[in-house]
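Novice: One file: run33.txt (compact mmCIF, C-alpha atoms).
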```txt
# COMPACT_ATOMS: atom_id res chain seq x y z
CA MET M 1090 16.88 24.49 20.37
CA GLY M 1091 17.16 21.28 18.40
CA ASP M 1092 16.67 19.63 15.08
CA THR M 1093 13.32 20.49 13.52
CA GLY M 1094 13.69 17.81 10.87
CA ARG M 1095 13.60 20.32 8.03
CA ALA M 1096 15.99 19.92 5.16
CA PRO M 1097 18.22 22.88 4.36
CA SER M 1098 16.77 25.26 1.81
CA ALA M 1099 17.39 24.28 -1.77
CA VAL M 1100 20.03 26.12 -3.77
CA PRO M 1101 19.24 26.70 -7.46
CA GLY M 1102 20.91 24.04 -9.60
CA GLN M 1103 20.91 21.39 -6.90
CA GLU M 1104 18.75 18.31 -6.63
CA PRO M 1105 15.31 18.85 -5.09
CA THR M 1106 14.88 18.20 -1.40
CA PRO M 1107 13.59 14.72 -0.51
CA MET M 1108 10.01 14.07 0.48
CA PRO M 1109 9.31 15.06 4.09
CA ARG M 1110 9.55 12.29 6.65
CA LEU M 1111 5.97 12.75 7.90
CA ALA M 1112 4.63 12.31 4.37
CA LEU M 1113 6.48 9.00 4.06
CA TYR M 1114 5.10 7.81 7.38
CA ALA M 1115 1.58 8.80 6.33
CA LEU M 1116 1.96 6.92 3.04
CA ALA M 1117 3.16 3.82 4.90
CA VAL M 1118 0.17 4.00 7.27
CA CYS M 1119 -2.14 4.43 4.29
CA ALA M 1120 -0.75 1.35 2.54
CA LEU M 1121 -0.97 -0.75 5.69
CA ALA M 1122 -4.53 0.42 6.36
CA VAL M 1123 -5.59 -0.55 2.83
CA VAL M 1124 -4.09 -4.02 3.29
CA ALA M 1125 -5.83 -4.37 6.66
CA ALA M 1126 -9.14 -3.29 5.12
CA VAL M 1127 -8.85 -5.87 2.34
CA VAL M 1128 -8.01 -8.62 4.83
CA SER M 1129 -10.89 -7.60 7.13
CA PHE M 1130 -13.45 -7.54 4.33
CA ALA M 1131 -12.13 -10.83 2.94
CA ALA M 1132 -12.61 -12.39 6.38
CA GLY M 1133 -16.18 -11.07 6.47
CA MET M 1134 -15.62 -8.54 9.24
CA TRP M 1135 -17.19 -5.10 9.04
CA LEU M 1136 -14.29 -3.69 11.02
CA GLY M 1137 -12.71 -3.00 7.62
CA ILE M 1138 -14.73 0.22 7.48
CA VAL M 1139 -12.50 1.65 10.20
CA TRP M 1140 -9.41 0.74 8.16
CA VAL M 1141 -10.86 2.44 5.09
CA LEU M 1142 -11.44 5.61 7.11
CA LEU M 1143 -7.90 5.46 8.47
CA ALA M 1144 -6.55 5.02 4.93
CA GLY M 1145 -8.45 8.11 3.80
CA LEU M 1146 -7.20 10.18 6.71
CA SER M 1147 -3.58 9.14 6.26
CA SER M 1148 -3.65 9.75 2.51
CA ASN M 1149 -4.96 13.27 3.12
CA MET M 1150 -2.16 13.83 5.64
CA ALA M 1151 0.42 12.65 3.11
CA TRP M 1152 -0.91 15.02 0.43
CA TYR M 1153 -0.89 17.88 2.94
CA TYR M 1154 2.74 17.35 3.94
CA ILE M 1155 3.87 16.89 0.34
CA ARG M 1156 2.07 20.06 -0.77
CA ARG M 1157 3.41 22.02 2.20
CA ALA M 1158 6.97 20.95 1.38
CA ARG M 1159 6.54 21.97 -2.25
CA THR M 1160 5.22 25.42 -1.36
CA GLU M 1161 8.05 25.97 1.14
CA ALA M 1162 10.61 24.93 -1.47
CA ALA M 1163 9.04 27.20 -4.11
CA ARG M 1164 8.93 30.23 -1.81
CA PRO M 1165 11.90 32.51 -2.42
CA ALA M 1166 14.39 32.92 0.38
CA GLU M 1167 13.25 35.69 2.69
CA THR M 1168 15.78 38.44 3.29
CA ALA M 1169 16.02 39.64 6.85
```
Any chance you could put this one into structure tokens?

Specialist:
Amino acid sequence: MGDTGRAPSAVPGQEPTPMPRLALYALAVCALAVVAAVVSFAAGMWLGIVWVLLAGLSSNMAWYYIRRARTEAARPAETA
């Protein structure tokens, strides 16, 4: 039906699969939200609280996608 974005399953002896794309996006959003929060608080605006909350949410998303990729890679290949 189309590309799901998943990397092919790892073969023993090969390099590990790269970090999932969604985890990288979430980490980028987290870093940008932290910078925006610092700039907002430095300018004296309380809107920085929203950026802190967004940074927390995106960091949790990144950890989730990283952990999910690790468990999928560690799961043995299912035989059908």

Novice: Have a look at atom CA of Ala1115 of chain M and atom CA of Arg1159 of chain M and let me know their distance in Å, one decimal.

Specialist: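 Calculated distance between atom CA of Ala1115 of chain M and atom CA of Arg1159 of chain M is 16.5 Å.
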
Novice: Which residue, M:Ala1132, M:Leu1111, M:Val1118, M:Val1124, has the smallest gap to Leu1146 of chain M when you use only C-alpha atoms?

Specialist: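 Using only C-alpha atoms, Leu1146 of chain M sits closest to M:Val1118.
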
Novice: Just checking: using all atoms listed in the file, which residue out of M:Ala1126, M:Trp1140, M:Ala1162, M:Tyr1154 ends up closest to Tyr1114 of chain M?

Specialist: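 Between M:Ala1126, M:Trp1140, M:Ala1162, M:Tyr1154, the residue approaching Tyr1114 of chain M most closely is M:Tyr1154.
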
Novice: Select, from M:Ala1158, M:Ala1163, M:Cys1119, M:Leu1113, the residue with the minimum atom-to-atom distance to Leu1142 of chain M, counting only C-alpha atoms.

Specialist: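 For Leu1142 of chain M, the nearest of the candidates is M:Cys1119.
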
Novice: Suppose you want the space between atom CA of Ser1147 of chain M and atom CA of Gly1133 of chain M; what is it in Å?

Specialist: 23.8 Å

Novice: Would you work out the distance separating atom CA of Met1134 of chain M from atom CA of Asn1149 of chain M, expressed in Å to one decimal?

Specialist: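 If I compute the distance from atom CA of Met1134 of chain M to atom CA of Asn1149 of chain M, I get 25.0 Å.
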
Novice: Which is closer to Ala1112 of chain M than all the others in M:Ala1144, M:Val1127, M:Met1150, M:Ile1138, using all atoms listed in the file?

Specialist: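 Closest residue, counting all atoms listed in the file: M:Met1150.
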
Novice: Which residue, M:Ile1155, M:Ala1120, M:Thr1160, M:Pro1165, has the smallest gap to Met1108 of chain M when you use all atoms listed in the file?

Specialist: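 Comparing M:Ile1155, M:Ala1120, M:Thr1160, M:Pro1165 against Met1108 of chain M, the winner is M:Ile1155.
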
Novice: Would you please work out which residue, of M:Arg1110, M:Trp1152, M:Arg1157, M:Val1141, is nearest to Val1128 of chain M when using only C-alpha atoms?

Specialist: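 Comparing M:Arg1110, M:Trp1152, M:Arg1157, M:Val1141 against Val1128 of chain M, the winner is M:Val1141.
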
Novice: Determine the axis-aligned bounding box of all atoms of segment 1155-1167 of chain M present in the file, pad each side by 4 Å, and express its centre and edge lengths in Å to one decimal place as AutoDock Vina command-line options.

Specialist:
```
--center_x 8.2 --center_y 26.3 --center_z -0.7 --size_x 20.3 --size_y 26.8 --size_z 14.8
```
